[in-house]
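Raw contents of work_26.txt, compact mmCIF, C-alpha atoms:
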# COMPACT_ATOMS: atom_id res chain seq x y z
CA MET A 1 223.96 -95.35 -36.95
CA LYS A 2 221.19 -92.87 -37.81
CA LYS A 3 219.11 -94.19 -34.89
CA ILE A 4 222.03 -93.85 -32.51
CA ALA A 5 222.72 -90.31 -33.74
CA LEU A 6 219.04 -89.37 -33.26
CA ILE A 7 219.03 -90.84 -29.77
CA ILE A 8 222.16 -88.89 -28.86
CA LEU A 9 220.76 -85.69 -30.38
CA SER A 10 217.45 -86.17 -28.56
CA SER A 11 219.28 -86.74 -25.27
CA ILE A 12 221.28 -83.56 -25.77
CA LEU A 13 218.12 -81.57 -26.50
CA VAL A 14 216.32 -83.00 -23.46
CA PHE A 15 219.31 -82.23 -21.25
CA ALA A 16 219.54 -78.69 -22.63
CA CYS A 17 215.84 -78.08 -22.08
CA ALA A 18 216.02 -79.51 -18.57
CA PHE A 19 219.03 -77.31 -17.84
CA GLU A 20 217.20 -74.19 -19.03
CA ILE A 21 214.06 -75.04 -17.01
CA THR A 22 216.15 -75.67 -13.90
CA LYS A 23 218.00 -72.41 -14.48
CA LYS A 24 214.71 -70.50 -14.78
CA ILE A 25 213.33 -72.17 -11.65
CA ASP A 26 216.51 -71.31 -9.73
CA ASN A 27 216.35 -67.72 -10.97
CA GLY A 28 212.68 -67.54 -10.00
CA VAL A 29 213.32 -68.91 -6.53
CA SER A 30 216.25 -66.52 -6.07
CA GLN A 31 214.07 -63.61 -7.14
CA VAL A 32 211.36 -64.59 -4.65
CA ILE A 33 213.95 -64.91 -1.89
CA ARG A 34 215.40 -61.49 -2.77
CA GLN A 35 211.92 -59.97 -2.76
CA TYR A 36 211.16 -61.57 0.60
CA GLU A 37 214.42 -60.33 2.07
CA ALA A 38 213.71 -56.83 0.77
CA ARG A 39 210.33 -56.63 2.47
CA ASN A 40 209.91 -54.36 5.41
CA THR A 41 209.98 -55.44 9.01
CA VAL A 42 207.02 -53.88 10.78
CA VAL A 43 208.12 -52.76 14.22
CA ILE A 44 205.09 -52.48 16.51
CA ASP A 45 205.46 -50.12 19.44
CA ALA A 46 202.78 -50.59 22.10
CA GLY A 47 202.82 -47.16 23.71
CA HIS A 48 203.57 -46.72 27.42
CA GLY A 49 203.84 -49.72 29.78
CA GLY A 50 205.01 -50.47 33.31
CA LYS A 51 204.71 -47.44 35.58
CA ASP A 52 203.69 -45.33 32.59
CA GLY A 53 200.03 -46.16 32.12
CA GLY A 54 199.31 -43.53 29.50
CA THR A 55 195.91 -41.85 29.43
CA ILE A 56 193.04 -42.94 31.67
CA GLY A 57 189.68 -43.88 30.20
CA ILE A 58 186.36 -42.40 31.27
CA ASP A 59 185.75 -45.60 33.26
CA GLY A 60 189.23 -45.69 34.81
CA SER A 61 190.70 -48.09 32.25
CA VAL A 62 194.38 -47.67 31.39
CA GLU A 63 195.74 -46.94 27.92
CA LYS A 64 198.85 -49.14 28.16
CA ASN A 65 196.73 -52.30 28.37
CA ILE A 66 194.69 -51.51 25.25
CA ASN A 67 197.86 -50.58 23.36
CA LEU A 68 199.49 -53.90 24.21
CA SER A 69 196.42 -55.98 23.39
CA LEU A 70 196.00 -54.28 20.00
CA SER A 71 199.71 -54.64 19.26
CA LEU A 72 199.64 -58.37 19.95
CA GLU A 73 196.64 -58.78 17.64
CA LEU A 74 198.41 -56.85 14.88
CA TYR A 75 201.58 -58.89 15.37
CA ASP A 76 199.66 -62.14 14.93
CA PHE A 77 197.93 -60.87 11.78
CA LEU A 78 201.22 -59.73 10.25
CA MET A 79 203.03 -62.98 10.98
CA VAL A 80 200.18 -65.10 9.57
CA SER A 81 200.26 -62.90 6.46
CA GLY A 82 203.96 -63.60 5.94
CA ILE A 83 205.12 -60.11 6.90
CA ARG A 84 208.05 -59.87 9.28
CA ALA A 85 207.10 -58.16 12.53
CA ASP A 86 208.75 -57.30 15.82
CA LEU A 87 207.26 -56.04 19.07
CA VAL A 88 209.05 -53.31 21.01
CA ARG A 89 207.34 -54.71 24.12
CA ASN A 90 205.26 -57.85 24.48
CA ASP A 91 204.24 -57.40 28.12
CA ASP A 92 203.62 -54.72 30.74
CA TYR A 93 207.01 -53.04 31.13
CA GLU A 94 209.06 -50.01 30.16
CA ILE A 95 212.38 -50.32 28.38
CA TYR A 96 215.09 -48.89 30.60
CA LYS A 97 217.97 -50.06 32.73
CA THR A 98 218.20 -49.76 36.49
CA GLY A 99 219.73 -46.44 37.45
CA GLU A 100 218.74 -44.66 34.24
CA GLU A 101 216.15 -41.88 34.10
CA ARG A 102 213.04 -43.89 33.40
CA ASN A 103 211.11 -41.75 30.88
CA LYS A 104 214.03 -40.60 28.74
CA SER A 105 215.74 -43.97 28.77
CA ASP A 106 212.55 -45.72 27.68
CA LEU A 107 212.18 -43.45 24.64
CA TYR A 108 215.88 -43.68 23.72
CA ASN A 109 215.85 -47.46 23.94
CA ARG A 110 212.69 -47.75 21.85
CA LEU A 111 214.27 -45.54 19.20
CA ASP A 112 217.50 -47.56 19.18
CA TYR A 113 215.49 -50.76 18.76
CA ILE A 114 213.50 -49.34 15.84
CA ASN A 115 216.56 -47.97 14.05
CA SER A 116 218.41 -51.27 14.51
CA LYS A 117 216.00 -53.15 12.23
CA ASP A 118 216.64 -53.51 8.50
CA ASN A 119 213.95 -52.07 6.20
CA ALA A 120 211.89 -51.15 9.23
CA VAL A 121 208.51 -49.46 9.37
CA LEU A 122 207.32 -48.14 12.72
CA ILE A 123 203.70 -48.54 13.80
CA SER A 124 203.21 -46.99 17.24
CA ILE A 125 199.88 -47.84 18.88
CA HIS A 126 198.25 -45.28 21.20
CA GLN A 127 194.86 -44.04 22.39
CA ASN A 128 193.51 -40.50 22.52
CA HIS A 129 191.86 -38.38 25.20
CA TYR A 130 190.09 -35.02 25.13
CA GLU A 131 188.13 -32.88 27.55
CA ASN A 132 185.12 -32.89 25.21
CA GLU A 133 183.66 -36.38 25.67
CA SER A 134 181.91 -36.28 22.30
CA GLU A 135 185.20 -36.47 20.35
CA TRP A 136 185.84 -39.87 18.75
CA GLY A 137 187.55 -41.62 15.84
CA THR A 138 190.95 -42.87 14.74
CA GLN A 139 193.59 -40.36 13.71
CA ILE A 140 197.19 -40.92 12.66
CA TRP A 141 200.30 -38.81 13.10
CA TYR A 142 203.12 -39.39 10.61
CA SER A 143 206.81 -38.57 10.51
CA THR A 144 207.99 -35.96 8.03
CA ASN A 145 211.42 -37.66 7.80
CA ASP A 146 210.26 -40.06 5.09
CA ASP A 147 207.64 -39.53 2.36
CA ASP A 148 206.40 -43.11 2.82
CA SER A 149 205.16 -42.25 6.31
CA LYS A 150 202.23 -40.20 5.01
CA LEU A 151 201.37 -42.79 2.37
CA LEU A 152 201.28 -45.49 5.02
CA ALA A 153 199.20 -43.37 7.41
CA ASP A 154 196.66 -42.51 4.71
CA SER A 155 196.35 -46.12 3.61
CA ILE A 156 195.69 -47.34 7.15
CA LEU A 157 193.18 -44.60 8.03
CA GLU A 158 191.32 -45.20 4.76
CA ASN A 159 190.95 -48.88 5.62
CA ILE A 160 189.83 -48.16 9.19
CA LYS A 161 187.22 -45.69 7.94
CA SER A 162 186.02 -48.05 5.24
CA ASN A 163 185.80 -51.08 7.53
CA LEU A 164 184.78 -49.59 10.87
CA GLN A 165 184.31 -45.82 10.93
CA PRO A 166 182.54 -44.55 7.79
CA ASP A 167 181.46 -41.36 9.62
CA ASN A 168 184.97 -40.52 10.84
CA LYS A 169 185.94 -37.13 9.37
CA ARG A 170 189.39 -36.90 10.93
CA VAL A 171 192.48 -36.39 8.80
CA ASN A 172 196.04 -37.44 9.41
CA LYS A 173 198.58 -34.90 10.61
CA PRO A 174 202.36 -34.46 10.28
CA SER A 175 204.30 -34.78 13.49
CA GLY A 176 206.74 -32.22 14.81
CA ASN A 177 209.15 -32.73 17.68
CA GLU A 178 206.27 -33.27 20.11
CA TYR A 179 206.38 -36.99 19.32
CA TYR A 180 209.97 -38.03 19.93
CA LEU A 181 209.92 -41.39 18.13
CA LEU A 182 208.36 -39.97 14.97
CA HIS A 183 210.67 -36.96 15.05
CA LYS A 184 213.86 -38.99 15.47
CA ALA A 185 213.13 -42.26 13.65
CA SER A 186 215.14 -42.82 10.47
CA VAL A 187 212.46 -45.08 8.98
CA PRO A 188 208.84 -44.58 7.80
CA SER A 189 206.98 -43.99 11.06
CA ILE A 190 203.42 -43.40 12.17
CA MET A 191 201.55 -43.20 15.46
CA ILE A 192 197.97 -44.46 15.39
CA GLU A 193 195.62 -42.86 17.92
CA CYS A 194 193.09 -45.67 17.62
CA GLY A 195 190.29 -43.89 19.49
CA PHE A 196 189.25 -41.63 22.35
CA MET A 197 189.17 -43.20 25.78
CA SER A 198 187.33 -40.08 26.95
CA ASN A 199 184.33 -41.10 24.85
CA THR A 200 182.21 -43.71 26.65
CA GLU A 201 181.06 -45.59 23.56
CA GLU A 202 184.44 -45.67 21.87
CA ASN A 203 186.23 -46.51 25.12
CA ASN A 204 183.99 -49.56 25.50
CA ARG A 205 184.71 -50.64 21.93
CA LEU A 206 188.46 -50.23 22.39
CA GLN A 207 188.38 -52.68 25.28
CA SER A 208 186.44 -55.27 23.28
CA LYS A 209 188.58 -58.14 21.95
CA ASP A 210 186.44 -58.37 18.82
CA TYR A 211 186.86 -54.67 18.07
CA GLN A 212 190.59 -54.89 18.74
CA LYS A 213 190.83 -57.64 16.14
CA GLU A 214 188.88 -55.51 13.66
CA ILE A 215 191.14 -52.50 14.22
CA ALA A 216 194.25 -54.69 13.93
CA PHE A 217 192.97 -56.26 10.71
CA SER A 218 192.23 -52.83 9.21
CA ILE A 219 195.76 -51.72 10.10
CA LEU A 220 197.09 -54.89 8.46
CA THR A 221 195.23 -54.24 5.19
CA GLY A 222 196.51 -50.68 5.13
CA ILE A 223 200.07 -51.91 5.64
CA CYS A 224 199.75 -54.56 2.92
CA GLU A 225 198.65 -51.99 0.36
CA GLN A 226 201.86 -50.03 0.92
CA ILE A 227 204.72 -52.40 1.67
CA ARG A 228 203.97 -55.59 -0.30
Represent the structure of the file as structure tokens.
Amino acid sequence: MKKIALIILSSILVFACAFEITKKIDNGVSQVIRQYEARNTVVIDAGHGGKDGGTIGIDGSVEKNINLSLSLELYDFLMVSGIRADLVRNDDYEIYKTGEERNKSDLYNRLDYINSKDNAVLISIHQNHYENESEWGTQIWYSTNDDDSKLLADSILENIKSNLQPDNKRVNKPSGNEYYLLHKASVPSIMIECGFMSNTEENNRLQSKDYQKEIAFSILTGICEQIR
């Protein structure tokens, strides 16, 4: 009888332990799922597109193409890293309906798309241009609608400087109403001016696939430091 009682008691203890372990595992999995669901969706806006080419490089190159190429590289890096990402455009087009005023409709539709995403963060990719051809370097504009915008901008610029542009002395700037998406977005939002297409050397780099990957990776690391 004692042996039977011990066997029964042991079975109860094993079952209880197994139940507790399973419960902890389930709680752990649920916590991971909740954390994953709470992560931000990075919305990547490749500036311009379609009839709107953006700025023109010193060699006649067009901004919209560099923006798209960089955005696609960043999208791939984010997805491989397990961070949800969406592209406002994934080809050469503007976002407006036939019959609508092209420029305004494109901006309104981009904004609606951004604001429709849960836990979104906006990364808008652009290139710079200036009459003085010696100007160069990445600079980021950030929305003042959310304190996280500046933190994100600073993190990304710090990584770009550290990885690619140690001599870049530019600082990030708050955006006013001159940048519609940043001014109106209800989520943390930044616009990255990746470089100056008016500078011959930087314009050449911006069109290089290898450099585009390096810029995209530096943006990725800056994002990871803030949203994960």
Original post:
Which distance in Å separates atom CA of Val42 of chain A and atom CA of Ile83 of chain A, to one decimal?
Top reply: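 Computing the Euclidean distance for atom CA of Val42 of chain A and atom CA of Ile83 of chain A yields 7.6 Å.
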May I have a table of the residues of segment 98-187 of chain A lying at most 10 Å from segment 55-79 of chain A, giving each one's closest pair of atoms and their distance in Å to one decimal, counting only C-alpha atoms, ordered by chain and ascending residue number, as a tab-separated table?
residue	atom	partner	partner_atom	distance
A:Ile123	CA	A:Ser71	CA	9.1
A:Ser124	CA	A:Ser71	CA	8.7
A:Ile125	CA	A:Asn67	CA	5.6
A:His126	CA	A:Asn67	CA	5.7
A:Gln127	CA	A:Glu63	CA	6.3
A:Asn128	CA	A:Thr55	CA	7.4
A:His129	CA	A:Thr55	CA	6.8
A:Tyr130	CA	A:Thr55	CA	10.0
A:Glu133	CA	A:Ile58	CA	8.7
Per-residue nearest contacts of segment 92-148 of chain A to segment 187-198 of chain A (9 Å; only C-alpha atoms) as a tab-separated table:
residue	atom	partner	partner_atom	distance
A:Ile114	CA	A:Val187	CA	8.1
A:Asn115	CA	A:Val187	CA	7.1
A:Asn119	CA	A:Val187	CA	7.7
A:Ala120	CA	A:Val187	CA	6.1
A:Val121	CA	A:Pro188	CA	5.1
A:Leu122	CA	A:Ser189	CA	4.5
A:Ile123	CA	A:Ile190	CA	5.4
A:Ser124	CA	A:Met191	CA	4.5
A:Ile125	CA	A:Ile192	CA	5.2
A:His126	CA	A:Glu193	CA	4.9
A:Gln127	CA	A:Glu193	CA	4.7
A:Asn128	CA	A:Phe196	CA	4.4
A:His129	CA	A:Phe196	CA	5.0
A:Tyr130	CA	A:Ser198	CA	6.0
A:Glu131	CA	A:Ser198	CA	7.3
A:Asn132	CA	A:Ser198	CA	7.7
A:Glu133	CA	A:Ser198	CA	5.4
A:Ser134	CA	A:Ser198	CA	8.1
A:Glu135	CA	A:Phe196	CA	6.9
A:Trp136	CA	A:Phe196	CA	5.3
A:Gly137	CA	A:Gly195	CA	5.1
A:Thr138	CA	A:Cys194	CA	4.6
A:Gln139	CA	A:Glu193	CA	5.3
A:Ile140	CA	A:Ile192	CA	4.5
A:Trp141	CA	A:Met191	CA	5.1
A:Tyr142	CA	A:Ile190	CA	4.3
A:Ser143	CA	A:Ser189	CA	5.5
A:Thr144	CA	A:Ser189	CA	8.6
A:Asn145	CA	A:Pro188	CA	7.4
A:Asp146	CA	A:Pro188	CA	5.5
A:Asp147	CA	A:Pro188	CA	7.5
A:Asp148	CA	A:Pro188	CA	5.7
**OP:** For atom CA of Cys224 of chain A and atom CA of Asp86 of chain A, determine how far apart the two atoms are, in Å to one decimal place.
**Re:**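 These atoms are spaced 16.0 Å apart.
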Original post:
Hey, can you pull every residue with an atom no more than 10 Å from (186.4, -53.0, 7.6), using all atoms listed in the file, and send it as number ranges by chain?
Top reply: A: 158-166, 214-215, 217-219, 221
Subject >> Straight-line distance linking atom CA of Ile44 of chain A with atom CA of Ala85 of chain A, stated in Å to one decimal >> reply: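 Calculated distance between atom CA of Ile44 of chain A and atom CA of Ala85 of chain A is 7.2 Å.
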Original post:
Pick from A:Ala46, A:Leu206, A:Asn109, A:Ser149: nearest to His183 of chain A, with only C-alpha atoms counted?
Top reply: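 Of A:Ala46, A:Leu206, A:Asn109, A:Ser149, the one nearest His183 of chain A, counting only C-alpha atoms, is A:Ser149.
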**OP:** Rank nothing, just name the residue among A:Val88, A:Tyr180, A:Glu94, A:Arg170 nearest to Gly54 of chain A, using only C-alpha atoms.
**Re:** A:Glu94
